[in-house]
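Trainee: The following block contains the structure, expressed as structure tokens.
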Amino acid sequence: MYAKEVTINNPTGLHARPATQLVREAEKYQSEIRIIKENMVINPKSIFNVLAAGLSQGIAITVEAEGTDEREAVDSLCRFIEDLKE
Amino acid sequence: MIGRGIAASRGKALARAMAAETQQQIDLEKKSKENLLHSVERVKEAIDSIAEEMKDEETRLEGEEEAMRLEIVQMQHTMLSDAVFHDSIRKELEEGYAPESAVARCIEAQCRMLEAIGDAYLAARTDDFRDVGNRIICRLLGKRYPDLGKLEEDVILTGENISPSVLAGAKKGKVKGLLLAKGSRTAHVCILAANMGIPAVVGCIGAEKIKDGDMVFVDGTAGKAAWEMDEAARADALAETVSYQEKQKILEKYTEKKGQTKDKVSVQIMANIMDAQAAEQAKQMGAEGVGLFRTEFLYMGRKDLPGEEEQFQAYKKAAEMLQGQPLVIRTMDIGGDKQSEALEIPAEENPFLGYRAIRICLERKELFFTQLKAVLRASAYGNVRVMFPMISSMAELEEALACLQKAKDELDQQRIAYDKDIQTGMMVEVPSTAILASRFIKKVDFFSIGSNDLTQYALAVDRQNEKVCGLYDYFDPGVLHLIYTVIRACEQENKECCLCGEMASDPLAVPVLLGMGLKKFSVNPSAVPLVKYLLSKCEYKKIKHDVQCMLEMDDRRQIKEEAMALLDEEYRSWL
């Protein structure tokens, strides 16, 4: 298993467009991926899950993955979240 | 089948029905005896086929640079392939729920979760969830989900009710008519239809049962409709539609002409608009200015409030398009049947008698100042006037005027230009102000009579209530007297009086209003040539005299008969 912590920086958090892009990014990987927010476990391959998690600005989350491409998956999702602008 | 309903937007059309239900009423508790595997398969098929369509839509929108619509489709497409969503539907199916109920249950559960987070933006996404759910449910029930952006052939939309956004998104020129089982003349969707020049009949029982693809005739002038027609009926409908189109040709000539009566008394015909763009349409139809800019639509269908700059740009654009013709901007009239998500006003038992228009503005002054400053700034770019809606007492008017003064002072301090002599008016739609019109007019430069609300308040009839809306009638002598009082109060002070309700474009009411002395009519852009034409047939001196005895009558029906008797045969063919 591979994990990394990242903070959401963009002011509107993971609203519709970034959430959609995040899900599409996550779907590219075989590994089982989880986003952990406090004690909530979110499946980043589910738009319902991601939106319902209320991931807003300033929240620190852990992205973890388990599988053949776990490293790439975690790195790419973290990069995506860090790079969010508006 | 012949149907009768409310004539909501003028015009006649004959085209194939498109059964367009936007909101499916689903029984969340409905169980089904259908084999589980079969249900699962059916839902999967429905979802897959919609996902396929959305993929195409995405490609299309990418090419058209439609960023906002693309974003929505992308998200909805992602929802459809969501494993969590699939699993939860499966669970509901295993519990024995019918496929459509299973989908509706999952969507509802998801929406409740989003709403529980307490983030207004996320809560608003529930619309997209419900939209996706509806689309799947329509597919499961074998109903067509209306996607009007891609219409290839002419249609008449039929069904129980449709949301204004569906109509707003329709491909230009393809929706020929509207025939709905529910609704009222002043519902948002009807105002939109009238603005788009689409004939509409609403409140027509049976419209919800019309089959997709059936030939339908809509007469939005008489409030009539026909479907399941035989050869002969179809031929009649076609003849009527053609004759209507010929009449439209006569009217085209009147777009260019000045508004005046047969005996050369000038009458100003203005337009009601709901966005800056419509100012252009108003000009094309020959309107002599805009008598009512309904600014509330700037506040609707969005999650945030329009800021000063955004409003200023919209008002300025309209003012400039009108090239010196008057532009009467009415401050926002949210409430009643027009709700704004961004204002977060809770639902009320009795919204027409509730928290509405100026009442909101005087309590949430920051909103009011933002709008007043935007209007004032726009006044530097054209002939802009400002008007307050729903004034019911002198104290309210004085407070609104004080706010306007304060907005002016702020602009002075900031050295921002505006028209220092901006004309200020109020709507007369609450009977208390009509009764004391002679006092109110001393405080303002002009009046505009809102005949829709004035009628419903004077007669205590909720025009949205199907049980009593038959009692709603502006030919009631009580209503006519109120209007007459208002017109005369303006005459005595030598100030302008306009009427901007539906009454102003009702061919039977036009001569009566003229006879009472009304010289300014504000109507939907598409009705401008008609009102000009009708007035050109009226003789002011004669009608003025005739209307006096009409005002003495007690019975609405008798008044209407009398009004009818004033008209010659040619005029009557327009009723």
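Residue names in the structure tokens use chain letters A, B, ... in the order shown, residue numbers from 1 in each chain, and ligand numbers from 1 in the order shown.
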Compile the residues of chain A that lie within 9 Å of chain B, evaluated using only C-alpha atoms, and express the compilation as a PyMOL selection string.

Mentor: chain A and resi 12+15-17+19-21+23-24+43+45-49+51-54

Trainee: If we count only C-alpha atoms, what is near Thr62 (chain A) at a cut-off of 9 Å, once residues fewer than 2 positions away on the same chain are taken out, given as a tab-separated table (two decimals) with N, CA and C atoms, in the first residue's frame?

Mentor:
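That gives us selection.tsv:
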chain	number	residue	atom	x	y	z
A	3	ALA	N	0.62	5.63	0.36
A	3	ALA	CA	-0.28	6.71	0.78
A	3	ALA	C	0.44	8.05	0.83
A	4	LYS	N	-0.33	9.12	0.70
A	4	LYS	CA	0.24	10.47	0.72
A	4	LYS	C	-0.82	11.44	1.26
A	5	GLU	N	-0.35	12.48	1.90
A	5	GLU	CA	-1.32	13.45	2.41
A	5	GLU	C	-1.31	14.70	1.52
A	6	VAL	N	-2.45	15.31	1.36
A	6	VAL	CA	-2.54	16.50	0.52
A	6	VAL	C	-3.65	17.41	1.07
A	7	THR	N	-3.46	18.73	0.89
A	7	THR	CA	-4.49	19.67	1.36
A	7	THR	C	-5.18	20.31	0.15
A	34	ARG	N	-8.45	4.90	-2.09
A	34	ARG	CA	-9.33	5.46	-1.05
A	34	ARG	C	-8.85	6.86	-0.70
A	35	ILE	N	-9.81	7.74	-0.43
A	35	ILE	CA	-9.45	9.04	0.12
A	35	ILE	C	-9.96	9.05	1.55
A	36	ILE	N	-9.07	9.41	2.47
A	36	ILE	CA	-9.49	9.41	3.88
A	36	ILE	C	-9.56	10.85	4.37
A	37	LYS	N	-10.74	11.21	4.88
A	37	LYS	CA	-10.92	12.54	5.45
A	37	LYS	C	-11.35	12.30	6.89
A	38	GLU	N	-10.51	12.67	7.83
A	38	GLU	CA	-10.74	12.34	9.24
A	38	GLU	C	-11.04	10.85	9.34
A	60	ALA	N	-7.45	18.67	4.93
A	60	ALA	CA	-6.32	17.78	4.63
A	60	ALA	C	-6.86	16.36	4.47
A	64	GLU	N	-4.79	6.98	-0.46
A	64	GLU	CA	-4.05	5.73	-0.42
A	64	GLU	C	-4.56	4.77	-1.48
A	78	CYS	N	-2.88	13.17	-6.17
A	78	CYS	CA	-2.40	14.24	-5.29
A	78	CYS	C	-2.00	15.46	-6.12

Trainee: Which of region 121-256 of chain B end up as helix (DSSP H, G or I) when DSSP is run on this backbone - answer as a ChimeraX atom specification?

Mentor: /B:121-124,126-140,148-150,164-168,188-196,207-209,231-254

Trainee: Keeping only C-alpha atoms, write those residues as a CSV table (one decimal), in the first residue's frame.

Mentor:
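Okay, this is what ended up in result.csv:
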chain,number,residue,atom,x,y,z
B,121,TYR,CA,-23.2,24.9,-3.9
B,122,LEU,CA,-23.3,21.2,-3.3
B,123,ALA,CA,-27.0,21.2,-2.4
B,124,ALA,CA,-27.7,22.8,-5.7
B,126,THR,CA,-29.1,17.8,-6.4
B,127,ASP,CA,-30.8,19.3,-9.5
B,128,ASP,CA,-28.3,17.5,-11.6
B,129,PHE,CA,-28.8,14.3,-9.7
B,130,ARG,CA,-32.6,14.5,-10.0
B,131,ASP,CA,-32.2,15.3,-13.7
B,132,VAL,CA,-30.2,12.2,-14.3
B,133,GLY,CA,-32.6,10.2,-12.2
B,134,ASN,CA,-35.5,11.5,-14.3
B,135,ARG,CA,-33.8,10.7,-17.5
B,136,ILE,CA,-33.3,7.1,-16.4
B,137,ILE,CA,-36.9,6.8,-15.1
B,138,CYS,CA,-38.3,8.2,-18.3
B,139,ARG,CA,-36.4,5.6,-20.2
B,140,LEU,CA,-37.6,2.8,-18.0
B,148,LEU,CA,-34.9,20.3,-27.0
B,149,GLY,CA,-31.4,21.4,-27.9
B,150,LYS,CA,-31.2,18.9,-30.7
B,164,PRO,CA,-38.9,27.0,-17.9
B,165,SER,CA,-35.3,25.8,-18.3
B,166,VAL,CA,-36.3,23.1,-20.7
B,167,LEU,CA,-38.0,25.6,-22.9
B,168,ALA,CA,-35.2,28.1,-22.6
B,188,HIS,CA,-42.8,31.6,-15.5
B,189,VAL,CA,-42.9,29.2,-18.4
B,190,CYS,CA,-45.8,31.1,-20.0
B,191,ILE,CA,-44.1,34.4,-19.7
B,192,LEU,CA,-41.1,32.8,-21.4
B,193,ALA,CA,-43.3,31.4,-24.2
B,194,ALA,CA,-45.0,34.7,-24.7
B,195,ASN,CA,-41.6,36.4,-24.9
B,196,MET,CA,-40.3,33.8,-27.4
B,207,ALA,CA,-52.9,17.4,-22.5
B,208,GLU,CA,-50.9,15.1,-20.3
B,209,LYS,CA,-52.4,12.1,-22.1
B,231,GLU,CA,-59.0,14.3,-41.7
B,232,ALA,CA,-61.6,17.1,-41.6
B,233,ALA,CA,-60.5,18.5,-38.2
B,234,ARG,CA,-56.9,18.5,-39.4
B,235,ALA,CA,-57.8,20.4,-42.5
B,236,ASP,CA,-59.7,23.0,-40.4
B,237,ALA,CA,-56.8,23.3,-38.1
B,238,LEU,CA,-54.4,23.8,-41.1
B,239,ALA,CA,-56.7,26.4,-42.6
B,240,GLU,CA,-56.9,28.3,-39.3
B,241,THR,CA,-53.2,28.2,-38.9
B,242,VAL,CA,-52.6,29.5,-42.4
B,243,SER,CA,-55.2,32.3,-41.9
B,244,TYR,CA,-53.4,33.2,-38.7
B,245,GLN,CA,-50.2,33.4,-40.5
B,246,GLU,CA,-51.7,35.7,-43.1
B,247,LYS,CA,-52.9,38.0,-40.3
B,248,GLN,CA,-49.4,38.1,-39.0
B,249,LYS,CA,-48.4,39.4,-42.4
B,250,ILE,CA,-50.8,42.3,-42.0
B,251,LEU,CA,-49.4,43.0,-38.6
B,252,GLU,CA,-45.8,43.1,-40.0
B,253,LYS,CA,-46.6,46.4,-41.6
B,254,TYR,CA,-47.6,47.9,-38.3

Trainee: With a distance cut-off of 8 Å and only C-alpha atoms, select the neighbouring residues of Met229 (chain B), excluding the residue or stretch itself and same-chain residues fewer than 5 positions from it, and output the selection as a compact mmCIF listing (two decimals) with N, CA and C atoms, in the first residue's frame.

Mentor:
# COMPACT_ATOMS: atom_id res chain seq x y z
N MET B 1 -60.12 14.94 -30.33
CA MET B 1 -60.35 15.53 -29.01
C MET B 1 -60.17 17.04 -29.05
N MET B 215 -50.60 14.56 -34.13
CA MET B 215 -50.73 15.91 -34.66
C MET B 215 -51.56 16.74 -33.68
N VAL B 216 -51.07 17.91 -33.32
CA VAL B 216 -51.75 18.74 -32.31
C VAL B 216 -51.93 20.15 -32.84
N ARG B 234 -58.28 18.10 -39.06
CA ARG B 234 -56.92 18.48 -39.40
C ARG B 234 -56.90 19.58 -40.47

Trainee: Using DSSP on the backbone, list every residue of region 253-500 of chain B that comes out as strand (DSSP E), and give them as an MDAnalysis selection string.

Mentor: chainID B and resid 268:273 290:294 326:330 383:388 423:428 446:449 496:499

Trainee: Using C-alpha atoms, can you export the residues from the last selection as a compact mmCIF listing (two decimals), in the first residue's frame?

Mentor:
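This is the output file result.txt:
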# COMPACT_ATOMS: atom_id res chain seq x y z
CA GLN B 268 -47.24 54.84 -27.07
CA ILE B 269 -46.79 51.08 -27.42
CA MET B 270 -43.88 49.78 -25.39
CA ALA B 271 -42.54 46.33 -24.65
CA ASN B 272 -42.11 44.14 -21.58
CA ILE B 273 -38.77 42.38 -21.54
CA VAL B 290 -39.45 49.34 -22.91
CA GLY B 291 -42.22 49.90 -20.39
CA LEU B 292 -41.15 47.08 -18.13
CA PHE B 293 -37.77 45.41 -17.72
CA ARG B 294 -38.43 42.50 -15.37
CA PRO B 326 -37.22 54.99 -22.67
CA LEU B 327 -36.18 51.94 -20.63
CA VAL B 328 -38.23 51.46 -17.47
CA ILE B 329 -36.29 49.20 -15.11
CA ARG B 330 -38.41 47.66 -12.41
CA ASN B 383 -33.12 57.06 -21.29
CA VAL B 384 -33.34 54.96 -18.12
CA ARG B 385 -36.18 55.17 -15.60
CA VAL B 386 -36.56 53.30 -12.35
CA MET B 387 -39.73 51.79 -10.93
CA PHE B 388 -40.65 50.10 -7.65
CA GLN B 423 -37.57 59.57 -13.76
CA THR B 424 -38.91 57.53 -10.87
CA GLY B 425 -42.14 55.61 -10.82
CA MET B 426 -44.07 52.91 -9.06
CA MET B 427 -46.23 49.98 -10.00
CA VAL B 428 -49.86 50.28 -9.05
CA PHE B 446 -45.10 58.07 -13.40
CA PHE B 447 -47.30 55.06 -12.68
CA SER B 448 -47.42 51.67 -14.29
CA ILE B 449 -50.52 49.64 -13.63
CA GLU B 496 -47.55 59.49 -17.41
CA CYS B 497 -49.53 56.33 -16.84
CA CYS B 498 -48.77 52.99 -18.43
CA LEU B 499 -50.39 49.56 -18.11

Trainee: Which residue gives the smallest distance to Ala225 (chain B) among B:Leu411, B:Glu310, B:Gln558, B:Gly5, with only C-alpha atoms counted?

Mentor: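 For Ala225 (chain B), the nearest of the candidates is B:Gly5.
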
Trainee: So that I can check the surroundings of region 282-287 of chain B, please list as a list in words every protein, DNA and RNA residue that reaches within 7 Å of it, counting only C-alpha atoms and ignoring chain neighbours fewer than 2 positions away.

Mentor: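 With the cut-off at 7 Å, the set is Thr255, Glu256, Ile269, Met270, Ala271, Ala278, Ala279, Glu280, Gly289, Pro525, Ser526, Val528 and Pro529 of chain B.
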
Trainee: Residues of the last selection are to be written out with N, CA and C atoms, as a JSON list (two decimals), in the first residue's frame.

Mentor:
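Generated output (result.json):
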[["chain", "number", "residue", "atom", "x", "y", "z"],
["B", 255, "THR", "N", -45.35, 47.16, -37.59],
["B", 255, "THR", "CA", -44.15, 47.32, -36.76],
["B", 255, "THR", "C", -43.52, 48.68, -37.04],
["B", 256, "GLU", "N", -43.60, 49.12, -38.28],
["B", 256, "GLU", "CA", -42.96, 50.38, -38.69],
["B", 256, "GLU", "C", -43.78, 51.60, -38.29],
["B", 269, "ILE", "N", -46.79, 52.52, -27.66],
["B", 269, "ILE", "CA", -46.79, 51.08, -27.42],
["B", 269, "ILE", "C", -45.36, 50.65, -27.08],
["B", 270, "MET", "N", -45.21, 50.17, -25.87],
["B", 270, "MET", "CA", -43.88, 49.78, -25.39],
["B", 270, "MET", "C", -43.85, 48.28, -25.16],
["B", 271, "ALA", "N", -42.67, 47.78, -24.80],
["B", 271, "ALA", "CA", -42.54, 46.33, -24.65],
["B", 271, "ALA", "C", -42.14, 45.95, -23.23],
["B", 278, "ALA", "N", -33.64, 41.04, -25.17],
["B", 278, "ALA", "CA", -34.99, 41.23, -25.69],
["B", 278, "ALA", "C", -35.26, 42.68, -26.08],
["B", 279, "ALA", "N", -34.40, 43.60, -25.63],
["B", 279, "ALA", "CA", -34.56, 45.00, -26.02],
["B", 279, "ALA", "C", -34.42, 45.12, -27.54],
["B", 280, "GLU", "N", -33.55, 44.32, -28.09],
["B", 280, "GLU", "CA", -33.34, 44.30, -29.53],
["B", 280, "GLU", "C", -34.62, 43.82, -30.24],
["B", 289, "GLY", "N", -39.89, 51.92, -27.05],
["B", 289, "GLY", "CA", -39.28, 51.85, -25.73],
["B", 289, "GLY", "C", -39.70, 50.61, -24.97],
["B", 525, "PRO", "N", -43.09, 41.83, -26.57],
["B", 525, "PRO", "CA", -42.61, 42.33, -27.87],
["B", 525, "PRO", "C", -43.43, 41.78, -29.04],
["B", 526, "SER", "N", -43.80, 40.50, -28.98],
["B", 526, "SER", "CA", -44.51, 39.91, -30.12],
["B", 526, "SER", "C", -45.92, 40.49, -30.29],
["B", 528, "VAL", "N", -46.66, 43.76, -29.87],
["B", 528, "VAL", "CA", -46.60, 45.19, -30.18],
["B", 528, "VAL", "C", -47.33, 45.54, -31.49],
["B", 529, "PRO", "N", -47.05, 44.84, -32.60],
["B", 529, "PRO", "CA", -47.74, 45.19, -33.85],
["B", 529, "PRO", "C", -49.26, 45.02, -33.75]]

Trainee: Using only C-alpha atoms for the distances, tell me which of B:Thr59, B:Thr158, B:Gln492, B:Gln414 is nearest to Val175 (chain B).

Mentor: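 Among B:Thr59, B:Thr158, B:Gln492, B:Gln414, it is B:Thr158 that comes nearest to Val175 (chain B).
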
Trainee: For Leu180 (chain B), find every residue with an atom within 9 Å (counting only C-alpha atoms), except residues of its own chain fewer than 4 positions away, and show them as a list in words.

Mentor: Gly5, Leu157, Thr158, Gly159, Glu160, Asn161, Ile162, Ala200, Val201, Val202, Gly203, Cys204, Ile205, Gly206, Ala207 and Glu208 of chain B

Trainee: Please measure the separation of CA of Gly3 (chain B) and CA of Asp27 (chain B), giving the value in Å to one decimal.

Mentor: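 Separation between CA of Gly3 (chain B) and CA of Asp27 (chain B): 28.6 Å.
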
Trainee: From the list B:Val265, B:Val486, B:Val73, B:Leu28, which residue is nearest Lys541 (chain B) when using only C-alpha atoms?

Mentor: B:Val265
